[in-house]
Amino acid sequence: MSVERSRLPDEIKHWYGDMICDYTYTLGIAGEKFFTGLKEGRILGTRCPRCGAVWVPPSIYCPDCFEELTEWVEVPDEGIVFSFTIAHAGPDGKPLQEPEIYAFILLDGADGGLLHKLGEVRPEEVYIGMRVKAVWAPEAERKGAITDIRYFKPVE
Amino acid sequence: MERRVAVIGVGWSGFAPQTADVSYKELMFEAATRAYDDAGVDPRRDVDSFITCAEDYWEGFSIFDEFVPDQLGAVLKPTCTVSGDGLHGLVNAVMQIESGLFDVVVVEAHSKASDILTYEGLLKFAMDPIFTRPLGWHPYALAGLEMARYLYDTGNTEEHCAMVVEKNRRNALANSLASYAADLTADDVMDSRPLFEPLKELDVAGLADGCVVMVLAAEEVAEKLADKPVWVLGMGWANETISPELRDWCRPVYAEIAADMAYAMAGIKNPAKEIDLLEVDDRFSYKELQHVEALGVCDYGEASRLLEDGVFDRDGDLPVNPSGGSLGVGNLLEASGLFRAMEVVLQLRGEAGRRQVQDVEVGVAQSWRGLPTASGAVVIFGSEKEVKKP
């Protein structure tokens with residue numbers, strides 16, 4: 001081949017490097033409104049005047065029409081499990097001690113919804129189409145973050 | 001197409017889970033040397049322009065495009081980087097030739113995945129920083145979620161996904177480039193460790209290092225230089241929204257749009273009849289079924305029946321991933337699409353060795369950019385300049 005190749009493990013060397021990459025991520029107009037809403041225990045979306053879609057997560061533009069969106073609507077903190085997965089591995093790929101249930105929750109009245117954990121339910125009880133409701137962190141502990149919702153739980 | 005374009009040379013290096021003895025530059029140099037030899041070109045004299053496909057974070061460099069000219073023979077020549085999959089780069093190479101700007105263009109993509117010590121960390125960085133990352137999920141959870149909904153909507157099953165793994169890893173036994181060839185069964189896949197149910201450990205393609213380089217040329221040059229030019233008959237690409245919350249969770253619409261665009265260009269009306277061979281993204285087993293359906297070979301939910309009937313086997317009516325796919329060959333990151341294109345080229349030239357598919361004239365390569373994206377490209381290749389009408 002075109003390249004002389006070493007087959008001696010001791011000859012093979014690496015240099016270790018790391019990248020220090022810290023950022024702030026600007027919430028923006030839509031983000032500020034949405035996360036302020038979460039702090040108040042409300043889920044907000046934007047409605048498109050042209051196609052009528054209510055987008056959650058919201059943006060100030062319609063991904064379908066490219067219309068500028070200025071109308072905000074509150075949607076219920078309830079919806080259905082559109083899809084779910086039983087997670088056995090954590091963010092680093094290492095096994096979780098207890099499996100967790102992750103879901104995409106399609107919110108009532110919204111074209112979209114939220115990715116979040118399910119709680120107060122066993123994996124074998126969950127099904128696509130199951131009605132669920134947000135369980136909020138106590139008001140004093142909310143920070144204006146997606147984790148202000150602790151998880152979604154089945155509606156009794 | 002106004003000005004026909006052909007692939008006149010392909011080269012590779014790797015593919016292996018580990019290429020500790022060479023740097024990424026040497027991987028590229030080795031693949032480029034093979035490709036230029038195959039095409040019969042001297043890069044310093046004959047190649048007009050170079051396109052590489054790379055993403056800074058995979059490489060561990062800022063402004064990675066500055067690090068590529070030397071090892072390709074591209075110093076002091078038009079060079080650019082497409083921050084995307086290799087097929088996106090190929091599409092741009094074709095356009096540079098079609099526009100009349102250049103006659104010979106080189107496209108390159110590679111993976112040096114074994115240099116990445118924090119693969120999960122990089123993938124996590126690709127997810128929305130405000131809505132998704134704070135949940136603390138491994139990015140593959142998104143594949144588990146999509147797989148669950150796709151199976152629910154189509155009636156395809158986990159067992160069918162396991163059959164895809166069996167087919168592809170067995171196909172890979174006949175591919176000397178494949179890192180993950182194995183004589184395993186669908187039962188082994190079903191019994192493998194659950195990751196993000198229904199996704200299991202063996203449903204996921206393992207990482208591999210490797211590089212693919214391709215030389216493309218305008219018709220008049222291609223016919224002079226190549227014994228077996230492989231013609232680009234059509235191409236397309238599309239992006240869906242990056243927000244999983246707003247997407248279609250069953251249909252990979254990006255692949256439908258890309259395929260429709262490519263079929264229109266190639267004059268293909270009935271993909272199942274007019275295509276002889278498919279190489280589609282299968283970095284998660286269910287993606288193969290999803291992509292085959294998106295490419296219009298059959299309706300949604302029907303790929304499982306065709307799979308059961310052996311239609312997608314190497315000796316079936318429409319072989320899918322005879323190379324072994326990413327499941328068999330390995331996940332080559334941004335080189336995944338270009339590796340598929342290379343397999344199609346080798347098949348159409350009749351140079352695929354023990355995995356050669358018989359009577360192939362039209363082959364399709366399809367790419368997906370991987371999690372958490374919903375984007376990709378489709379390129380149609382032919383051993384003849386036009387698709388023969390059935």
# chains A, B, ... in the order shown; residues from 1 in each chain; ligands from 1
call {"tool": "residues_around", "arguments": {"residues": "Gly370 (chain B)", "least_positions_apart": "6", "cutoff": "10 Å", "atoms": "only C-alpha atoms", "output": "CSV table (one decimal) with N, CA and C atoms, in the first residue's frame"}}
result
chain,number,residue,atom,x,y,z
B,85,ASP,N,-22.8,14.9,5.4
B,85,ASP,CA,-22.5,13.6,5.0
B,85,ASP,C,-21.8,13.6,3.6
B,123,LEU,N,-22.4,13.7,20.7
B,123,LEU,CA,-23.7,13.5,20.3
B,123,LEU,C,-24.7,14.3,21.1
B,143,ALA,N,-33.6,7.5,19.2
B,143,ALA,CA,-33.8,6.4,18.2
B,143,ALA,C,-34.8,5.4,18.8
B,281,ASP,N,-29.2,4.0,4.6
B,281,ASP,CA,-28.7,4.1,6.0
B,281,ASP,C,-29.4,3.2,6.9
B,282,ASP,N,-28.6,2.4,7.6
B,282,ASP,CA,-29.1,1.4,8.6
B,282,ASP,C,-28.3,1.5,9.9
B,283,ARG,N,-28.0,2.7,10.3
B,283,ARG,CA,-27.2,2.8,11.5
B,283,ARG,C,-27.9,2.4,12.8
B,284,PHE,N,-29.3,2.4,12.6
B,284,PHE,CA,-30.1,1.7,13.6
B,284,PHE,C,-31.0,0.8,12.7
B,331,ASN,N,-20.2,2.1,11.5
B,331,ASN,CA,-20.7,3.5,11.4
B,331,ASN,C,-19.5,4.3,11.1
B,333,LEU,N,-19.4,7.5,10.4
B,333,LEU,CA,-19.8,8.9,10.6
B,333,LEU,C,-20.1,9.6,9.3
B,334,GLU,N,-19.4,10.7,9.0
B,334,GLU,CA,-19.7,11.5,7.7
B,334,GLU,C,-19.4,10.7,6.5
B,336,SER,N,-20.3,7.7,5.9
B,336,SER,CA,-21.3,6.7,5.7
B,336,SER,C,-22.0,6.7,4.3
B,376,GLY,N,-31.0,14.2,4.8
B,376,GLY,CA,-30.2,13.2,4.1
B,376,GLY,C,-30.3,13.5,2.6
call {"tool": "interface_residues", "arguments": {"of": "chain B", "to": "chain A", "cutoff": "8 Å", "atoms": "only C-alpha atoms", "output": "mmCIF file with all heavy atoms, in the first residue's frame"}}
result
data_model
loop_
_atom_site.group_PDB
_atom_site.id
_atom_site.type_symbol
_atom_site.label_atom_id
_atom_site.label_comp_id
_atom_site.auth_asym_id
_atom_site.auth_seq_id
_atom_site.Cartn_x
_atom_site.Cartn_y
_atom_site.Cartn_z
ATOM 1 N N ALA B 20 -4.974 2.733 14.702
ATOM 2 C CA ALA B 20 -4.071 3.450 15.605
ATOM 3 C C ALA B 20 -2.721 3.784 14.968
ATOM 4 O O ALA B 20 -2.005 4.638 15.464
ATOM 5 C CB ALA B 20 -3.857 2.627 16.877
ATOM 6 N N ASP B 21 -2.385 3.119 13.846
ATOM 7 C CA ASP B 21 -1.053 3.337 13.278
ATOM 8 C C ASP B 21 -0.997 4.495 12.290
ATOM 9 O O ASP B 21 0.081 4.902 11.883
ATOM 10 C CB ASP B 21 -0.553 2.050 12.615
ATOM 11 C CG ASP B 21 -1.502 1.536 11.557
ATOM 12 O OD1 ASP B 21 -2.705 1.881 11.617
ATOM 13 O OD2 ASP B 21 -1.058 0.803 10.660
ATOM 14 N N VAL B 22 -2.160 5.030 11.899
ATOM 15 C CA VAL B 22 -2.141 6.153 10.956
ATOM 16 C C VAL B 22 -3.011 7.303 11.486
ATOM 17 O O VAL B 22 -4.019 7.082 12.140
ATOM 18 C CB VAL B 22 -2.667 5.756 9.551
ATOM 19 C CG1 VAL B 22 -1.606 5.011 8.767
ATOM 20 C CG2 VAL B 22 -3.951 4.941 9.643
ATOM 21 N N GLU B 26 -3.192 10.599 7.128
ATOM 22 C CA GLU B 26 -2.626 9.450 6.403
ATOM 23 C C GLU B 26 -3.722 8.529 5.874
ATOM 24 O O GLU B 26 -3.584 7.953 4.795
ATOM 25 C CB GLU B 26 -1.638 8.715 7.319
ATOM 26 C CG GLU B 26 -0.397 9.551 7.582
ATOM 27 C CD GLU B 26 0.341 9.185 8.866
ATOM 28 O OE1 GLU B 26 -0.161 8.362 9.654
ATOM 29 O OE2 GLU B 26 1.425 9.748 9.082
ATOM 30 N N GLU B 30 -4.001 7.751 1.935
ATOM 31 C CA GLU B 30 -4.064 6.379 1.435
ATOM 32 C C GLU B 30 -5.293 6.171 0.526
ATOM 33 O O GLU B 30 -5.191 5.598 -0.559
ATOM 34 C CB GLU B 30 -4.137 5.438 2.649
ATOM 35 C CG GLU B 30 -3.773 4.014 2.369
ATOM 36 C CD GLU B 30 -3.707 3.194 3.674
ATOM 37 O OE1 GLU B 30 -3.049 3.637 4.629
ATOM 38 O OE2 GLU B 30 -4.326 2.131 3.707
ATOM 39 N N THR B 33 -4.803 8.151 -2.717
ATOM 40 C CA THR B 33 -3.833 7.498 -3.615
ATOM 41 C C THR B 33 -4.522 6.385 -4.402
ATOM 42 O O THR B 33 -4.320 6.244 -5.615
ATOM 43 C CB THR B 33 -2.656 6.928 -2.784
ATOM 44 O OG1 THR B 33 -2.073 7.998 -2.050
ATOM 45 C CG2 THR B 33 -1.620 6.286 -3.677
ATOM 46 N N GLY B 60 -12.272 17.120 16.224
ATOM 47 C CA GLY B 60 -11.516 17.696 17.339
ATOM 48 C C GLY B 60 -10.698 18.906 16.925
ATOM 49 O O GLY B 60 -9.714 19.258 17.578
ATOM 50 N N GLU B 120 -20.361 10.030 23.244
ATOM 51 C CA GLU B 120 -21.665 10.398 23.806
ATOM 52 C C GLU B 120 -21.750 11.912 24.045
ATOM 53 O O GLU B 120 -22.787 12.520 23.803
ATOM 54 C CB GLU B 120 -21.933 9.669 25.132
ATOM 55 C CG GLU B 120 -22.446 8.258 24.983
ATOM 56 C CD GLU B 120 -21.341 7.232 24.813
ATOM 57 O OE1 GLU B 120 -20.147 7.616 24.922
ATOM 58 O OE2 GLU B 120 -21.653 6.054 24.570
ATOM 59 N N GLY B 121 -20.654 12.460 24.511
ATOM 60 C CA GLY B 121 -20.629 13.900 24.786
ATOM 61 C C GLY B 121 -20.851 14.712 23.513
ATOM 62 O O GLY B 121 -21.578 15.700 23.511
ATOM 63 N N PRO B 129 -29.898 22.538 23.213
ATOM 64 C CA PRO B 129 -29.264 22.781 24.517
ATOM 65 C C PRO B 129 -30.252 23.149 25.616
ATOM 66 O O PRO B 129 -29.938 22.996 26.791
ATOM 67 C CB PRO B 129 -28.321 23.953 24.236
ATOM 68 C CG PRO B 129 -28.889 24.630 23.037
ATOM 69 C CD PRO B 129 -29.549 23.550 22.219
ATOM 70 N N ILE B 130 -31.422 23.657 25.230
ATOM 71 C CA ILE B 130 -32.345 24.191 26.236
ATOM 72 C C ILE B 130 -33.499 23.227 26.505
ATOM 73 O O ILE B 130 -33.877 23.001 27.644
ATOM 74 C CB ILE B 130 -32.883 25.563 25.778
ATOM 75 C CG1 ILE B 130 -31.705 26.503 25.456
ATOM 76 C CG2 ILE B 130 -33.760 26.180 26.854
ATOM 77 C CD1 ILE B 130 -32.085 27.756 24.733
ATOM 78 N N PHE B 131 -34.031 22.627 25.427
ATOM 79 C CA PHE B 131 -35.195 21.764 25.588
ATOM 80 C C PHE B 131 -34.828 20.307 25.881
ATOM 81 O O PHE B 131 -35.538 19.611 26.580
ATOM 82 C CB PHE B 131 -36.081 21.811 24.330
ATOM 83 C CG PHE B 131 -36.968 23.013 24.294
ATOM 84 C CD1 PHE B 131 -36.546 24.194 23.712
ATOM 85 C CD2 PHE B 131 -38.229 22.971 24.870
ATOM 86 C CE1 PHE B 131 -37.357 25.316 23.699
ATOM 87 C CE2 PHE B 131 -39.053 24.084 24.855
ATOM 88 C CZ PHE B 131 -38.620 25.262 24.268
ATOM 89 N N THR B 132 -33.745 19.823 25.293
ATOM 90 C CA THR B 132 -33.466 18.383 25.359
ATOM 91 C C THR B 132 -32.293 18.029 26.265
ATOM 92 O O THR B 132 -32.381 17.105 27.067
ATOM 93 C CB THR B 132 -33.219 17.822 23.942
ATOM 94 O OG1 THR B 132 -34.144 18.429 23.050
ATOM 95 C CG2 THR B 132 -33.408 16.330 23.916
ATOM 96 N N PRO B 134 -30.996 19.323 28.980
ATOM 97 C CA PRO B 134 -31.159 19.279 30.460
ATOM 98 C C PRO B 134 -31.879 18.027 30.956
ATOM 99 O O PRO B 134 -31.854 17.740 32.146
ATOM 100 C CB PRO B 134 -31.996 20.534 30.757
ATOM 101 C CG PRO B 134 -31.771 21.443 29.597
ATOM 102 C CD PRO B 134 -31.602 20.537 28.406
ATOM 103 N N LEU B 135 -32.520 17.265 30.054
ATOM 104 C CA LEU B 135 -33.193 16.037 30.479
ATOM 105 C C LEU B 135 -32.179 14.955 30.840
ATOM 106 O O LEU B 135 -32.510 13.979 31.517
ATOM 107 C CB LEU B 135 -34.122 15.523 29.370
ATOM 108 C CG LEU B 135 -35.277 16.463 28.966
ATOM 109 C CD1 LEU B 135 -35.983 15.941 27.733
ATOM 110 C CD2 LEU B 135 -36.265 16.629 30.123
ATOM 111 N N GLY B 136 -30.936 15.114 30.363
ATOM 112 C CA GLY B 136 -29.882 14.172 30.720
ATOM 113 C C GLY B 136 -30.009 12.819 30.035
ATOM 114 O O GLY B 136 -29.609 11.798 30.587
ATOM 115 N N TRP B 137 -30.543 12.805 28.821
ATOM 116 C CA TRP B 137 -30.712 11.543 28.095
ATOM 117 C C TRP B 137 -29.515 11.256 27.201
ATOM 118 O O TRP B 137 -28.911 12.155 26.633
ATOM 119 C CB TRP B 137 -31.943 11.603 27.170
ATOM 120 C CG TRP B 137 -33.238 11.781 27.861
ATOM 121 C CD1 TRP B 137 -33.471 11.891 29.202
ATOM 122 C CD2 TRP B 137 -34.523 11.901 27.219
ATOM 123 N NE1 TRP B 137 -34.816 12.062 29.441
ATOM 124 C CE2 TRP B 137 -35.472 12.070 28.251
ATOM 125 C CE3 TRP B 137 -34.960 11.870 25.889
ATOM 126 C CZ2 TRP B 137 -36.835 12.215 27.976
ATOM 127 C CZ3 TRP B 137 -36.294 12.016 25.619
ATOM 128 C CH2 TRP B 137 -37.232 12.177 26.656
ATOM 129 N N HIS B 138 -29.205 9.989 27.042
ATOM 130 C CA HIS B 138 -28.301 9.566 25.980
ATOM 131 C C HIS B 138 -29.028 9.808 24.649
ATOM 132 O O HIS B 138 -30.214 9.510 24.530
ATOM 133 C CB HIS B 138 -28.006 8.062 26.153
ATOM 134 C CG HIS B 138 -26.923 7.560 25.256
ATOM 135 N ND1 HIS B 138 -27.090 7.413 23.896
ATOM 136 C CD2 HIS B 138 -25.659 7.159 25.515
ATOM 137 C CE1 HIS B 138 -25.977 6.944 23.374
ATOM 138 N NE2 HIS B 138 -25.082 6.783 24.334
ATOM 139 N N PRO B 139 -28.330 10.350 23.641
ATOM 140 C CA PRO B 139 -29.008 10.686 22.375
ATOM 141 C C PRO B 139 -29.688 9.485 21.711
ATOM 142 O O PRO B 139 -30.675 9.658 20.988
ATOM 143 C CB PRO B 139 -27.881 11.226 21.499
ATOM 144 C CG PRO B 139 -26.835 11.660 22.457
ATOM 145 C CD PRO B 139 -26.921 10.760 23.643
ATOM 146 N N ALA B 141 -31.589 7.536 22.933
ATOM 147 C CA ALA B 141 -32.967 7.443 23.409
ATOM 148 C C ALA B 141 -33.939 7.944 22.337
ATOM 149 O O ALA B 141 -35.058 7.438 22.214
ATOM 150 C CB ALA B 141 -33.128 8.249 24.704
ATOM 151 N N GLY B 144 -34.698 5.159 20.107
ATOM 152 C CA GLY B 144 -35.650 4.246 20.747
ATOM 153 C C GLY B 144 -37.078 4.763 20.631
ATOM 154 O O GLY B 144 -38.009 4.016 20.332
ATOM 155 N N LEU B 145 -37.234 6.074 20.844
ATOM 156 C CA LEU B 145 -38.559 6.697 20.751
ATOM 157 C C LEU B 145 -39.099 6.628 19.329
ATOM 158 O O LEU B 145 -40.268 6.301 19.105
ATOM 159 C CB LEU B 145 -38.476 8.172 21.174
ATOM 160 C CG LEU B 145 -38.445 8.496 22.664
ATOM 161 C CD1 LEU B 145 -38.229 9.989 22.859
ATOM 162 C CD2 LEU B 145 -39.739 8.057 23.335
ATOM 163 N N GLU B 146 -38.240 6.942 18.355
ATOM 164 C CA GLU B 146 -38.695 6.939 16.960
ATOM 165 C C GLU B 146 -39.029 5.519 16.512
ATOM 166 O O GLU B 146 -40.030 5.271 15.839
ATOM 167 C CB GLU B 146 -37.631 7.552 16.040
ATOM 168 C CG GLU B 146 -38.139 7.712 14.609
ATOM 169 C CD GLU B 146 -37.086 8.248 13.661
ATOM 170 O OE1 GLU B 146 -36.042 7.581 13.459
ATOM 171 O OE2 GLU B 146 -37.296 9.323 13.092
ATOM 172 N N ALA B 148 -40.042 3.034 18.332
ATOM 173 C CA ALA B 148 -41.293 2.569 18.948
ATOM 174 C C ALA B 148 -42.502 3.075 18.172
ATOM 175 O O ALA B 148 -43.436 2.311 17.881
ATOM 176 C CB ALA B 148 -41.363 3.051 20.399
ATOM 177 N N ARG B 149 -42.481 4.346 17.801
ATOM 178 C CA ARG B 149 -43.629 4.916 17.094
ATOM 179 C C ARG B 149 -43.705 4.376 15.658
ATOM 180 O O ARG B 149 -44.786 4.101 15.137
ATOM 181 C CB ARG B 149 -43.533 6.445 17.077
ATOM 182 C CG ARG B 149 -44.717 7.122 16.416
ATOM 183 C CD ARG B 149 -45.997 6.990 17.245
ATOM 184 N NE ARG B 149 -47.198 7.134 16.453
ATOM 185 C CZ ARG B 149 -48.421 7.357 16.957
ATOM 186 N NH1 ARG B 149 -48.602 7.444 18.261
ATOM 187 N NH2 ARG B 149 -49.452 7.466 16.166
ATOM 188 N N PRO B 194 -31.031 -4.782 26.185
ATOM 189 C CA PRO B 194 -31.892 -3.642 25.841
ATOM 190 C C PRO B 194 -31.202 -2.327 26.184
ATOM 191 O O PRO B 194 -30.604 -2.206 27.247
ATOM 192 C CB PRO B 194 -33.142 -3.853 26.698
ATOM 193 C CG PRO B 194 -32.724 -4.741 27.815
ATOM 194 C CD PRO B 194 -31.559 -5.554 27.339
ATOM 195 N N LEU B 195 -31.256 -1.364 25.255
ATOM 196 C CA LEU B 195 -30.667 -0.041 25.511
ATOM 197 C C LEU B 195 -31.758 0.974 25.778
ATOM 198 O O LEU B 195 -31.896 1.490 26.865
ATOM 199 C CB LEU B 195 -29.832 0.409 24.300
ATOM 200 C CG LEU B 195 -28.523 -0.307 24.046
ATOM 201 C CD1 LEU B 195 -27.865 0.266 22.798
ATOM 202 C CD2 LEU B 195 -27.588 -0.196 25.228
ATOM 203 N N PHE B 196 -32.544 1.228 24.713
ATOM 204 C CA PHE B 196 -33.686 2.125 24.819
ATOM 205 C C PHE B 196 -34.834 1.405 24.139
ATOM 206 O O PHE B 196 -35.063 1.560 22.959
ATOM 207 C CB PHE B 196 -33.364 3.474 24.171
ATOM 208 C CG PHE B 196 -32.173 4.132 24.807
ATOM 209 C CD1 PHE B 196 -30.902 3.977 24.265
ATOM 210 C CD2 PHE B 196 -32.321 4.827 25.988
ATOM 211 C CE1 PHE B 196 -29.792 4.534 24.884
ATOM 212 C CE2 PHE B 196 -31.215 5.395 26.617
ATOM 213 C CZ PHE B 196 -29.950 5.240 26.066
ATOM 214 N N GLU B 197 -35.488 0.543 24.881
ATOM 215 C CA GLU B 197 -36.483 -0.368 24.312
ATOM 216 C C GLU B 197 -37.474 0.401 23.453
ATOM 217 O O GLU B 197 -37.934 1.453 23.881
ATOM 218 C CB GLU B 197 -37.240 -1.089 25.446
ATOM 219 C CG GLU B 197 -36.420 -2.160 26.127
ATOM 220 C CD GLU B 197 -37.241 -2.851 27.216
ATOM 221 O OE1 GLU B 197 -38.185 -3.582 26.862
ATOM 222 O OE2 GLU B 197 -36.930 -2.631 28.393
ATOM 223 N N PRO B 198 -37.759 -0.124 22.285
ATOM 224 C CA PRO B 198 -37.411 -1.446 21.758
ATOM 225 C C PRO B 198 -36.007 -1.586 21.160
ATOM 226 O O PRO B 198 -35.664 -2.647 20.651
ATOM 227 C CB PRO B 198 -38.463 -1.636 20.644
ATOM 228 C CG PRO B 198 -38.801 -0.255 20.195
ATOM 229 C CD PRO B 198 -38.659 0.626 21.393
ATOM 230 N N THR B 241 -37.423 19.653 9.919
ATOM 231 C CA THR B 241 -37.118 20.463 11.104
ATOM 232 C C THR B 241 -36.212 19.681 12.050
ATOM 233 O O THR B 241 -36.292 18.455 12.129
ATOM 234 C CB THR B 241 -38.406 20.885 11.852
ATOM 235 O OG1 THR B 241 -38.051 21.375 13.147
ATOM 236 C CG2 THR B 241 -39.358 19.711 12.045
ATOM 237 N N GLU B 245 -39.935 17.288 18.287
ATOM 238 C CA GLU B 245 -41.315 17.508 18.742
ATOM 239 C C GLU B 245 -42.248 17.876 17.592
ATOM 240 O O GLU B 245 -43.465 17.741 17.709
ATOM 241 C CB GLU B 245 -41.354 18.638 19.788
ATOM 242 C CG GLU B 245 -40.593 18.338 21.075
ATOM 243 C CD GLU B 245 -39.149 18.859 21.020
ATOM 244 O OE1 GLU B 245 -38.605 19.028 19.904
ATOM 245 O OE2 GLU B 245 -38.576 19.099 22.099
ATOM 246 N N LEU B 246 -41.693 18.390 16.507
ATOM 247 C CA LEU B 246 -42.534 18.900 15.420
ATOM 248 C C LEU B 246 -42.496 18.010 14.180
ATOM 249 O O LEU B 246 -43.107 18.307 13.168
ATOM 250 C CB LEU B 246 -42.092 20.326 15.031
ATOM 251 C CG LEU B 246 -41.956 21.336 16.179
ATOM 252 C CD1 LEU B 246 -41.524 22.692 15.645
ATOM 253 C CD2 LEU B 246 -43.257 21.461 16.960
#
call {"tool": "residues_around", "arguments": {"residues": "Gly301 (chain B)", "least_positions_apart": "3", "cutoff": "12 Å", "atoms": "only C-alpha atoms", "output": "list in words"}}
result
Tyr150, Leu151, Tyr152, Asp153, Thr154, Gly155, Asn156, Thr157, His160, Cys250, Arg251, Tyr286, Leu289, Gln290, His291, Val292, Glu293, Ala294, Gly296, Val297, Cys298, Ser304, Arg305, Leu306 and Leu307 of chain B
call {"tool": "closest_residue", "arguments": {"among": "B:Leu348, B:Tyr57, B:Asp313, B:Asp359", "to": "Leu117 (chain B)", "atoms": "only C-alpha atoms"}}
result
B:Tyr57
call {"tool": "residues_around", "arguments": {"residues": "Gly129 (chain A)", "least_positions_apart": "2", "cutoff": "9 Å", "atoms": "only C-alpha atoms", "output": "VMD selection string"}}
result
chain A and resid 79 to 83 126 to 127 131
call {"tool": "residues_around", "arguments": {"residues": "Asp183 (chain B)", "least_positions_apart": "2", "cutoff": "9 Å", "atoms": "only C-alpha atoms", "output": "list of chain:residue names"}}
result
B:Glu166, B:Arg169, B:Arg170, B:Leu173, B:Ala181, B:Thr185
call {"tool": "select_by_dssp", "arguments": {"residues": "region 26-69 of chain B", "states": "strand (DSSP E or B)", "output": "ChimeraX atom specification"}}
result
/B:49-53
call {"tool": "atom_distance", "arguments": {"atom1": "CA of Tyr180 (chain B)", "atom2": "CA of Ser326 (chain B)"}}
result
8.7 Å
call {"tool": "atom_distance", "arguments": {"atom1": "CA of Leu72 (chain B)", "atom2": "CA of Glu108 (chain B)"}}
result
8.7 Å
call {"tool": "closest_residue", "arguments": {"among": "B:Ala222, B:Ala208, B:Val232, B:Val329", "to": "His110 (chain B)", "atoms": "only C-alpha atoms"}}
result
B:Ala208
call {"tool": "atom_distance", "arguments": {"atom1": "CA of Gly337 (chain B)", "atom2": "CA of Ala365 (chain B)"}}
result
7.1 Å
call {"tool": "closest_residue", "arguments": {"among": "B:Val165, B:Val105, B:Val68, B:Val311", "to": "Ala205 (chain B)", "atoms": "only C-alpha atoms"}}
result
B:Val165
call {"tool": "select_by_dssp", "arguments": {"residues": "region 164-373 of chain B", "states": "helix (DSSP H, G or I)", "output": "count of residues only"}}
result
87
call {"tool": "residues_around", "arguments": {"residues": "Asp315 (chain B)", "least_positions_apart": "6", "cutoff": "10 Å", "atoms": "only C-alpha atoms", "output": "NGL selection string"}}
result
:B and (322 or 355-358)
call {"tool": "write_last_selection", "arguments": {"atoms": "all heavy atoms", "output": "PDB file, in the first residue's frame"}}
result
ATOM      1  N   PRO B 322     -26.229  -4.910   0.186  1.00  0.00           N
ATOM      2  CA  PRO B 322     -25.385  -6.091  -0.032  1.00  0.00           C
ATOM      3  C   PRO B 322     -23.981  -5.923   0.530  1.00  0.00           C
ATOM      4  O   PRO B 322     -23.296  -6.897   0.806  1.00  0.00           O
ATOM      5  CB  PRO B 322     -25.361  -6.232  -1.565  1.00  0.00           C
ATOM      6  CG  PRO B 322     -25.731  -4.895  -2.097  1.00  0.00           C
ATOM      7  CD  PRO B 322     -26.665  -4.295  -1.083  1.00  0.00           C
ATOM      8  N   ARG B 355     -19.470 -10.603  -3.189  1.00  0.00           N
ATOM      9  CA  ARG B 355     -20.805 -10.084  -2.878  1.00  0.00           C
ATOM     10  C   ARG B 355     -21.470  -9.454  -4.101  1.00  0.00           C
ATOM     11  O   ARG B 355     -22.487  -8.770  -3.986  1.00  0.00           O
ATOM     12  CB  ARG B 355     -20.723  -9.087  -1.727  1.00  0.00           C
ATOM     13  CG  ARG B 355     -19.963  -7.834  -2.042  1.00  0.00           C
ATOM     14  CD  ARG B 355     -19.856  -6.909  -0.844  1.00  0.00           C
ATOM     15  NE  ARG B 355     -19.302  -5.618  -1.220  1.00  0.00           N
ATOM     16  CZ  ARG B 355     -18.017  -5.392  -1.440  1.00  0.00           C
ATOM     17  NH1 ARG B 355     -17.136  -6.361  -1.313  1.00  0.00           N
ATOM     18  NH2 ARG B 355     -17.598  -4.182  -1.788  1.00  0.00           N
ATOM     19  N   GLN B 356     -20.893  -9.695  -5.278  1.00  0.00           N
ATOM     20  CA  GLN B 356     -21.431  -9.115  -6.517  1.00  0.00           C
ATOM     21  C   GLN B 356     -22.881  -9.527  -6.733  1.00  0.00           C
ATOM     22  O   GLN B 356     -23.232 -10.701  -6.670  1.00  0.00           O
ATOM     23  CB  GLN B 356     -20.589  -9.559  -7.719  1.00  0.00           C
ATOM     24  CG  GLN B 356     -21.057  -8.983  -9.051  1.00  0.00           C
ATOM     25  CD  GLN B 356     -20.878  -7.464  -9.126  1.00  0.00           C
ATOM     26  OE1 GLN B 356     -19.814  -6.937  -8.811  1.00  0.00           O
ATOM     27  NE2 GLN B 356     -21.934  -6.756  -9.528  1.00  0.00           N
ATOM     28  N   VAL B 357     -23.726  -8.531  -6.977  1.00  0.00           N
ATOM     29  CA  VAL B 357     -25.121  -8.775  -7.328  1.00  0.00           C
ATOM     30  C   VAL B 357     -25.194  -8.912  -8.845  1.00  0.00           C
ATOM     31  O   VAL B 357     -24.532  -8.173  -9.575  1.00  0.00           O
ATOM     32  CB  VAL B 357     -26.004  -7.600  -6.841  1.00  0.00           C
ATOM     33  CG1 VAL B 357     -27.449  -7.800  -7.257  1.00  0.00           C
ATOM     34  CG2 VAL B 357     -25.893  -7.446  -5.330  1.00  0.00           C
ATOM     35  N   GLN B 358     -26.000  -9.864  -9.304  1.00  0.00           N
ATOM     36  CA  GLN B 358     -26.059 -10.127 -10.747  1.00  0.00           C
ATOM     37  C   GLN B 358     -26.978  -9.136 -11.457  1.00  0.00           C
ATOM     38  O   GLN B 358     -27.963  -8.671 -10.895  1.00  0.00           O
ATOM     39  CB  GLN B 358     -26.545 -11.561 -11.003  1.00  0.00           C
ATOM     40  CG  GLN B 358     -25.581 -12.626 -10.480  1.00  0.00           C
ATOM     41  CD  GLN B 358     -24.137 -12.423 -10.928  1.00  0.00           C
ATOM     42  OE1 GLN B 358     -23.863 -12.305 -12.128  1.00  0.00           O
ATOM     43  NE2 GLN B 358     -23.200 -12.360  -9.977  1.00  0.00           N
TER      44      GLN B 358
END
call {"tool": "residues_around", "arguments": {"residues": "Val73 (chain A)", "least_positions_apart": "2", "cutoff": "7 Å", "atoms": "only C-alpha atoms", "output": "PyMOL selection string"}}
result
chain A and resi 44-47+71+75
